[in-house]
>>> print(open('target.txt').read())   # compact mmCIF, C-alpha atoms
# COMPACT_ATOMS: atom_id res chain seq x y z
CA MET R 1 88.80 112.84 95.28
CA LEU R 2 90.06 111.16 98.44
CA ARG R 3 93.53 112.14 99.64
CA GLN R 4 95.43 109.98 102.10
CA VAL R 5 96.77 111.94 105.10
CA ALA R 6 97.78 109.05 107.36
CA GLU R 7 97.68 105.27 107.29
CA GLY R 8 94.05 104.32 106.67
CA VAL R 9 92.83 107.93 106.94
CA PHE R 10 91.61 109.92 103.94
CA VAL R 11 90.17 113.40 103.37
CA HIS R 12 87.74 114.73 100.80
CA GLU R 13 87.78 118.53 100.49
CA SER R 14 84.62 120.35 99.39
CA GLU R 15 84.57 123.56 97.36
CA PHE R 16 82.55 125.19 100.14
CA LEU R 17 84.91 126.73 102.72
CA GLN R 18 87.44 123.93 102.25
CA SER R 19 85.08 121.62 104.15
CA ASN R 20 86.76 118.34 105.03
CA SER R 21 85.03 114.97 105.05
CA VAL R 22 87.11 112.29 106.76
CA VAL R 23 87.24 108.57 106.00
CA VAL R 24 88.84 106.13 108.46
CA GLN R 25 89.45 102.56 107.30
CA GLY R 26 88.24 99.81 109.60
CA ALA R 27 88.17 96.02 109.49
CA ALA R 28 84.94 95.67 107.50
CA GLY R 29 84.43 99.16 106.12
CA VAL R 30 84.95 102.83 106.86
CA LEU R 31 83.89 105.39 109.42
CA LEU R 32 82.68 108.50 107.59
CA ILE R 33 83.00 111.76 109.54
CA ASP R 34 81.17 114.98 108.61
CA PRO R 35 80.39 114.20 104.95
CA GLY R 36 79.51 117.18 102.78
CA ILE R 37 78.52 119.35 101.10
CA THR R 38 76.51 119.26 97.85
CA SER R 39 74.53 116.32 96.46
CA ASP R 40 77.04 115.90 93.63
CA GLU R 41 79.99 115.92 96.02
CA LEU R 42 78.36 113.39 98.33
CA ALA R 43 77.49 111.13 95.40
CA ALA R 44 81.05 111.43 94.08
CA LEU R 45 82.44 110.54 97.52
CA ALA R 46 80.15 107.50 97.69
CA ASN R 47 81.32 106.48 94.22
CA ASP R 48 84.99 106.90 95.16
CA LEU R 49 84.47 104.66 98.17
CA ARG R 50 82.61 102.07 96.13
CA GLU R 51 85.24 101.97 93.37
CA SER R 52 87.99 101.52 95.96
CA GLY R 53 86.11 98.58 97.49
CA ARG R 54 85.20 100.45 100.68
CA SER R 55 81.73 100.48 102.21
CA VAL R 56 80.51 102.79 104.94
CA VAL R 57 79.79 100.97 108.20
CA ALA R 58 79.23 104.02 110.45
CA GLY R 59 79.09 107.79 110.38
CA PHE R 60 79.87 110.49 112.93
CA SER R 61 78.88 114.14 113.12
CA THR R 62 81.22 116.28 115.17
CA HIS R 63 78.50 118.84 115.96
CA PRO R 64 74.99 119.90 114.90
CA ASP R 65 75.78 122.63 112.35
CA TRP R 66 73.98 121.89 109.07
CA ASP R 67 77.19 121.26 107.10
CA HIS R 68 78.27 118.51 109.50
CA VAL R 69 75.05 116.48 109.64
CA LEU R 70 74.50 115.74 105.94
CA TRP R 71 74.18 112.31 104.38
CA HIS R 72 73.55 110.60 101.06
CA ARG R 73 71.51 107.46 100.41
CA ASP R 74 74.49 105.90 98.59
CA PHE R 75 76.40 105.75 101.88
CA GLY R 76 73.82 103.25 103.10
CA ASP R 77 71.53 102.92 106.10
CA VAL R 78 74.18 102.65 108.81
CA PRO R 79 74.49 104.12 112.32
CA ARG R 80 75.27 107.83 112.29
CA TYR R 81 76.64 108.79 115.66
CA GLY R 82 77.15 112.01 117.56
CA THR R 83 77.32 113.04 121.18
CA ALA R 84 74.11 112.96 123.18
CA ARG R 85 73.90 116.76 123.13
CA CYS R 86 74.51 116.88 119.37
CA ALA R 87 71.73 114.36 118.74
CA ASP R 88 69.37 116.17 121.13
CA SER R 89 69.99 119.45 119.33
CA MET R 90 69.17 117.90 115.97
CA SER R 91 66.11 116.06 117.31
CA ASP R 92 64.78 119.33 118.70
CA LEU R 93 65.29 121.09 115.37
CA LEU R 94 63.59 118.34 113.38
CA THR R 95 60.46 118.48 115.57
CA HIS R 96 59.65 121.90 114.07
CA ALA R 97 57.47 121.87 110.98
CA ASP R 98 59.56 124.66 109.46
CA TRP R 99 62.96 123.10 110.11
CA LYS R 100 63.92 123.19 106.43
CA ALA R 101 63.21 126.91 106.30
CA ARG R 102 65.28 127.44 109.43
CA ILE R 103 68.21 125.58 107.90
CA ALA R 104 67.80 127.41 104.59
CA GLU R 105 68.42 130.76 106.29
CA GLY R 106 72.02 129.78 106.94
CA LEU R 107 72.84 128.09 103.64
CA PRO R 108 75.33 129.69 101.23
CA PRO R 109 73.24 131.08 98.33
CA GLU R 110 75.59 129.66 95.71
CA HIS R 111 75.03 126.10 97.00
CA ALA R 112 71.56 126.29 98.58
CA ASP R 113 69.78 124.38 95.81
CA ASP R 114 72.40 121.63 95.77
CA ILE R 115 72.43 120.68 99.46
CA PRO R 116 70.46 117.49 100.27
CA MET R 117 67.98 117.86 103.11
CA GLU R 118 66.17 114.51 103.14
CA LEU R 119 68.65 112.70 105.44
CA LEU R 120 69.98 115.73 107.32
CA GLY R 121 70.46 115.40 111.05
CA LEU R 122 69.37 111.80 111.61
CA ILE R 123 71.92 111.30 114.37
CA THR R 124 72.03 108.54 116.99
CA GLY R 125 73.23 109.99 120.27
CA LEU R 126 75.87 108.03 122.13
CA PRO R 127 75.48 107.68 125.90
CA VAL R 128 76.36 110.78 127.90
CA GLY R 129 80.07 110.71 128.59
CA ALA R 130 80.84 108.13 125.89
CA GLU R 131 84.59 108.08 125.30
CA ARG R 132 84.86 106.03 122.10
CA VAL R 133 83.09 105.56 118.78
CA PRO R 134 81.55 102.06 118.73
CA TRP R 135 82.87 100.49 115.55
CA ASP R 136 85.20 97.75 114.29
CA GLY R 137 88.26 99.79 113.45
CA PRO R 138 91.12 101.79 114.95
CA GLY R 139 90.30 103.20 118.37
CA VAL R 140 88.60 106.58 117.99
CA ARG R 141 88.50 108.64 121.17
CA ILE R 142 85.72 111.19 121.59
CA ILE R 143 86.93 114.53 122.97
CA GLU R 144 83.71 116.34 123.84
CA HIS R 145 83.77 120.00 124.77
CA ARG R 146 81.47 123.02 124.92
CA ALA R 147 83.10 125.32 122.37
CA HIS R 148 81.46 126.49 119.14
CA ALA R 149 78.25 124.42 119.30
CA PRO R 150 76.26 122.19 121.68
CA GLY R 151 77.68 118.69 121.92
CA HIS R 152 80.76 119.44 119.84
CA ALA R 153 83.34 116.66 119.75
CA ALA R 154 86.74 116.20 118.23
CA LEU R 155 87.85 112.67 117.38
CA LEU R 156 91.33 111.30 118.01
CA VAL R 157 92.15 108.30 115.83
CA GLU R 158 94.67 107.01 118.32
CA GLU R 159 96.54 104.39 116.30
CA ARG R 160 97.00 106.84 113.43
CA GLY R 161 97.82 110.00 115.40
CA VAL R 162 95.02 111.92 113.67
CA LEU R 163 92.89 114.60 115.34
CA VAL R 164 89.63 115.35 113.53
CA ALA R 165 88.81 118.74 115.02
CA GLY R 166 85.37 119.64 113.69
CA ASP R 167 84.90 123.42 113.50
CA MET R 168 88.07 124.14 115.45
CA LEU R 169 91.78 124.66 114.73
CA SER R 170 91.29 126.12 111.26
CA ASP R 171 93.92 128.06 109.37
CA ILE R 172 91.28 130.00 107.41
CA LEU R 173 88.55 130.63 110.02
CA MET R 174 89.09 132.25 113.40
CA PRO R 175 87.20 130.81 116.40
CA PHE R 176 83.42 131.10 116.13
CA LEU R 177 82.07 131.08 119.67
CA ASP R 178 78.75 129.64 120.83
CA LEU R 179 77.32 132.97 121.95
CA GLU R 180 74.17 131.32 123.30
CA ALA R 181 76.21 129.45 125.90
CA PRO R 182 76.49 130.78 129.47
CA ASP R 183 80.28 131.27 129.23
CA PRO R 184 81.49 131.08 125.61
CA ILE R 185 84.98 132.44 126.34
CA GLU R 186 85.78 129.85 129.01
CA ASP R 187 84.15 127.11 126.93
CA TYR R 188 86.48 127.86 124.04
CA LEU R 189 89.59 128.14 126.18
CA GLY R 190 88.67 124.86 127.87
CA ALA R 191 88.45 123.11 124.50
CA LEU R 192 91.86 124.44 123.50
CA GLU R 193 93.28 123.04 126.75
CA LEU R 194 91.85 119.63 125.85
CA PHE R 195 93.54 119.78 122.45
CA GLU R 196 96.81 120.81 124.05
CA SER R 197 96.59 117.84 126.42
CA VAL R 198 96.63 115.38 123.49
CA ALA R 199 99.00 117.30 121.21
CA ASP R 200 101.90 114.93 121.92
CA ASP R 201 99.80 112.09 120.46
CA VAL R 202 98.86 113.96 117.26
CA GLU R 203 100.75 113.84 113.97
CA VAL R 204 97.95 115.13 111.74
CA VAL R 205 95.19 117.64 112.50
CA ILE R 206 92.14 117.88 110.22
CA PRO R 207 89.95 120.95 110.76
CA GLY R 208 86.35 121.04 109.62
CA HIS R 209 87.35 123.84 107.24
CA GLY R 210 90.84 124.59 106.03
CA SER R 211 94.17 122.89 105.51
CA VAL R 212 95.31 119.62 107.00
CA GLY R 213 98.33 120.23 109.23
CA GLY R 214 101.01 118.45 111.19
CA THR R 215 102.15 118.64 114.79
CA ALA R 216 103.72 122.07 114.43
CA GLU R 217 100.57 123.46 112.82
CA LEU R 218 98.42 122.00 115.59
CA ARG R 219 100.37 123.80 118.29
CA ALA R 220 100.53 127.02 116.28
CA ARG R 221 96.76 126.98 115.71
CA ILE R 222 96.07 126.36 119.39
CA ALA R 223 98.22 129.38 120.25
CA LEU R 224 96.62 131.56 117.56
CA ASP R 225 93.10 130.60 118.61
CA ARG R 226 93.90 131.24 122.27
CA ALA R 227 95.23 134.70 121.41
CA TYR R 228 92.13 135.46 119.35
CA VAL R 229 89.76 134.43 122.15
CA ALA R 230 91.79 136.51 124.64
CA ALA R 231 91.44 139.52 122.34
CA LEU R 232 87.69 138.98 122.18
CA HIS R 233 87.55 138.83 125.96
CA ASP R 234 89.43 142.13 126.21
CA GLY R 235 87.39 143.78 123.46
CA GLY R 236 90.50 144.41 121.40
CA VAL R 237 91.66 143.90 117.84
CA PRO R 238 93.55 140.62 117.45
CA ASP R 239 96.78 140.27 115.52
CA ASP R 240 95.29 137.46 113.48
CA PRO R 241 95.80 136.92 109.73
CA ARG R 242 92.36 135.33 109.48
CA VAL R 243 90.64 138.59 110.46
CA GLY R 244 92.79 141.47 109.17
CA PRO R 245 93.16 143.03 105.70
CA SER R 246 94.76 139.85 104.33
CA ALA R 247 91.99 137.57 105.63
CA PRO R 248 91.23 134.70 103.22
CA LEU R 249 87.51 135.57 103.35
CA GLU R 250 86.43 139.20 103.44
CA TRP R 251 83.31 138.57 105.53
CA LEU R 252 85.32 137.25 108.48
CA ALA R 253 85.99 140.81 109.66
CA ASP R 254 82.21 141.29 109.92
CA VAL R 255 81.87 138.08 111.94
CA HIS R 256 84.62 139.27 114.25
CA GLY R 257 82.81 142.59 114.74
CA TRP R 258 79.55 140.78 115.45
CA GLN R 259 81.19 138.55 118.05
CA LEU R 260 82.73 141.59 119.75
CA GLN R 261 79.36 143.32 119.81
CA ARG R 262 77.51 140.32 121.20
CA LEU R 263 80.07 139.78 123.95
CA ALA R 264 79.99 143.47 124.89
CA SER R 265 76.18 143.36 125.10
CA ARG R 266 76.35 140.27 127.32
CA ALA R 267 78.84 141.97 129.61
CA GLN R 268 76.68 145.08 129.84
CA ARG R 269 73.57 143.05 130.70
CA GLY R 270 75.56 141.17 133.35
CA SER R 271 76.77 144.42 134.84
CA GLU R 272 73.27 145.87 134.93
CA SER R 273 71.88 142.80 136.66
CA LEU R 274 74.37 143.28 139.50
CA GLU R 275 73.34 146.88 140.14
>>> encode(input="target.txt", output="structure tokens")
Amino acid sequence: MLRQVAEGVFVHESEFLQSNSVVVQGAAGVLLIDPGITSDELAALANDLRESGRSVVAGFSTHPDWDHVLWHRDFGDVPRYGTARCADSMSDLLTHADWKARIAEGLPPEHADDIPMELLGLITGLPVGAERVPWDGPGVRIIEHRAHAPGHAALLVEERGVLVAGDMLSDILMPFLDLEAPDPIEDYLGALELFESVADDVEVVIPGHGSVGGTAELRARIALDRAYVAALHDGGVPDDPRVGPSAPLEWLADVHGWQLQRLASRAQRGSESLE
């Protein structure tokens, strides 16, 4: 079911990790951002749009993780945009004959058989440095950064004061760093600085997973994420409710430990290379 969070902006929440699909009303139809997750959910979302007289005129994937590049035939054959790096990442994956098997390794077992693969990742890359989504609707600014995944972008629906954050600024998930990047700590801190720079223009923040928040929540999540990343950098234990004994998901403590281990190994290799 679609829930209105701002004028002309709606959210559909999936059962999987509180995944948020975002619908933005335009002049002739809607922009559909990160639709997911199961075939039934996608079909239900398409039906909700159809019954409300809305058609999809464009899509956007905030980044190339599998749960943000899904699609359903009932949305129609319309442009599905992403940043150039996002599209390149998906194009590279889809060139491999075993790409479905590679994706399957990361799927949640309880939903694996219900996730549609046939239209996954068919993203049209926007020009490098593109600042806006090309569509007939409210201005949507692209805020590209290097945190979490290659070609990640948040979208600021300027006339509505809505920040669609992708896999950032969650109240249930701590920061997941792109540990394949040359400098994942600085990449993440840089993205948080970008969010802070537009915070005065934001009334609603929509994370890829978790609860929709207001201005106060946006600033609080930026501060919490910054503290978590600083703790990772220092190899310490963060004072973060998303990781400790009261964490909403018990496996997050394991992810935190894995991130600490990977960063420590990187630092050790860097130190050895300087000797």
>>> closest_residue(input="target.txt", among="R:Asp92, R:Glu51, R:Glu118, R:Asp34", to="Met1 in chain R", atoms="only C-alpha atoms")
R:Glu51
>>> closest_residue(input="target.txt", among="R:Glu41, R:Glu180, R:Asp254, R:Glu159", to="Glu15 in chain R", atoms="only C-alpha atoms")
R:Glu41
>>> axis_aligned_box(input="target.txt", around="range 168-176 of chain R", padding_each_side="5 Å", output="JSON")
{"center_x": 88.7, "center_y": 128.2, "center_z": 111.9, "size_x": 20.5, "size_y": 18.1, "size_z": 19.0}
>>> residues_near_point(input="target.txt", point="(82.0, 106.2, 126.2)", cutoff="12 Å", atoms="all atoms listed in the file", output="VMD selection string")
chain R and resid 82 to 84 125 to 134 139 to 144
>>> closest_residue(input="target.txt", among="R:Ile37, R:Val56, R:Leu45, R:Val23", to="Glu110 in chain R", atoms="all atoms listed in the file")
R:Ile37
>>> atom_distance(input="target.txt", atom1="CA of Asp136 in chain R", atom2="CA of Ala28 in chain R")
7.1 Å
>>> atom_distance(input="target.txt", atom1="CA of Arg80 in chain R", atom2="CA of Pro150 in chain R")
17.2 Å
>>> residues_around(input="target.txt", residues="Lys100 in chain R", least_positions_apart="3", cutoff="12 Å", atoms="all atoms listed in the file", output="list of chain:residue names")
R:Trp66, R:Leu93, R:Leu94, R:Thr95, R:His96, R:Ala97, R:Ile103, R:Ala104, R:Glu105, R:Gly106, R:Leu107, R:Ala112, R:Ile115, R:Pro116, R:Met117, R:Glu118, R:Leu119, R:Leu120, R:Gly121
>>> residues_around(input="target.txt", residues="Glu217 in chain R", least_positions_apart="6", cutoff="10 Å", atoms="only C-alpha atoms", output="number ranges by chain")
R: 169-171, 203-205, 211, 223
>>> closest_residue(input="target.txt", among="R:Trp135, R:Leu249, R:Ile172, R:Val69", to="Ile123 in chain R", atoms="only C-alpha atoms")
R:Val69
>>> residues_near_point(input="target.txt", point="(89.3, 116.1, 114.1)", cutoff="6 Å", atoms="only C-alpha atoms", output="number ranges by chain")
R: 154-155, 163-166, 206-207
>>> write_last_selection(input="target.txt", atoms="C-alpha atoms", output="compact mmCIF listing (two decimals), keeping the file's coordinate frame")
# COMPACT_ATOMS: atom_id res chain seq x y z
CA ALA R 154 86.74 116.20 118.23
CA LEU R 155 87.85 112.67 117.38
CA LEU R 163 92.89 114.60 115.34
CA VAL R 164 89.63 115.35 113.53
CA ALA R 165 88.81 118.74 115.02
CA GLY R 166 85.37 119.64 113.69
CA ILE R 206 92.14 117.88 110.22
CA PRO R 207 89.95 120.95 110.76
>>> residues_around(input="target.txt", residues="range 3-11 of chain R", least_positions_apart="6", cutoff="6 Å", atoms="only C-alpha atoms", output="list in words")
Ser21, Val22, Val23, Val24 and Gln25 of chain R
>>> closest_residue(input="target.txt", among="R:Gln18, R:Asn47, R:Ser91, R:Gln259", to="Pro175 in chain R", atoms="all atoms listed in the file")
R:Gln259
>>> closest_residue(input="target.txt", among="R:Val162, R:Leu252, R:Val237, R:Ala87", to="Thr215 in chain R", atoms="only C-alpha atoms")
R:Val162
>>> atom_distance(input="target.txt", atom1="CA of Ala267 in chain R", atom2="CA of Arg102 in chain R")
28.3 Å
>>> residues_around(input="target.txt", residues="Gly76 in chain R", least_positions_apart="5", cutoff="12 Å", atoms="all atoms listed in the file", output="VMD selection string")
chain R and resid 29 to 30 32 43 46 49 to 50 54 to 59 71 119
>>> write_last_selection(input="target.txt", atoms="C-alpha atoms", output="CSV table (one decimal), keeping the file's coordinate frame")
chain,number,residue,atom,x,y,z
R,29,GLY,CA,84.4,99.2,106.1
R,30,VAL,CA,85.0,102.8,106.9
R,32,LEU,CA,82.7,108.5,107.6
R,43,ALA,CA,77.5,111.1,95.4
R,46,ALA,CA,80.2,107.5,97.7
R,49,LEU,CA,84.5,104.7,98.2
R,50,ARG,CA,82.6,102.1,96.1
R,54,ARG,CA,85.2,100.4,100.7
R,55,SER,CA,81.7,100.5,102.2
R,56,VAL,CA,80.5,102.8,104.9
R,57,VAL,CA,79.8,101.0,108.2
R,58,ALA,CA,79.2,104.0,110.4
R,59,GLY,CA,79.1,107.8,110.4
R,71,TRP,CA,74.2,112.3,104.4
R,119,LEU,CA,68.6,112.7,105.4
>>> residues_around(input="target.txt", residues="Ser19 in chain R", least_positions_apart="4", cutoff="8 Å", atoms="all atoms listed in the file", output="PDB file with C-alpha atoms, in the coordinates of the input")
ATOM      1  CA  GLU R  13      87.780 118.530 100.490  1.00  0.00           C
ATOM      2  CA  SER R  14      84.620 120.350  99.390  1.00  0.00           C
ATOM      3  CA  GLU R  15      84.570 123.560  97.360  1.00  0.00           C
ATOM      4  CA  GLY R  36      79.510 117.180 102.780  1.00  0.00           C
ATOM      5  CA  ILE R  37      78.520 119.350 101.100  1.00  0.00           C
ATOM      6  CA  GLY R 208      86.350 121.040 109.620  1.00  0.00           C
ATOM      7  CA  HIS R 209      87.350 123.840 107.240  1.00  0.00           C
ATOM      8  CA  GLY R 210      90.840 124.590 106.030  1.00  0.00           C
TER       9      GLY R 210
END
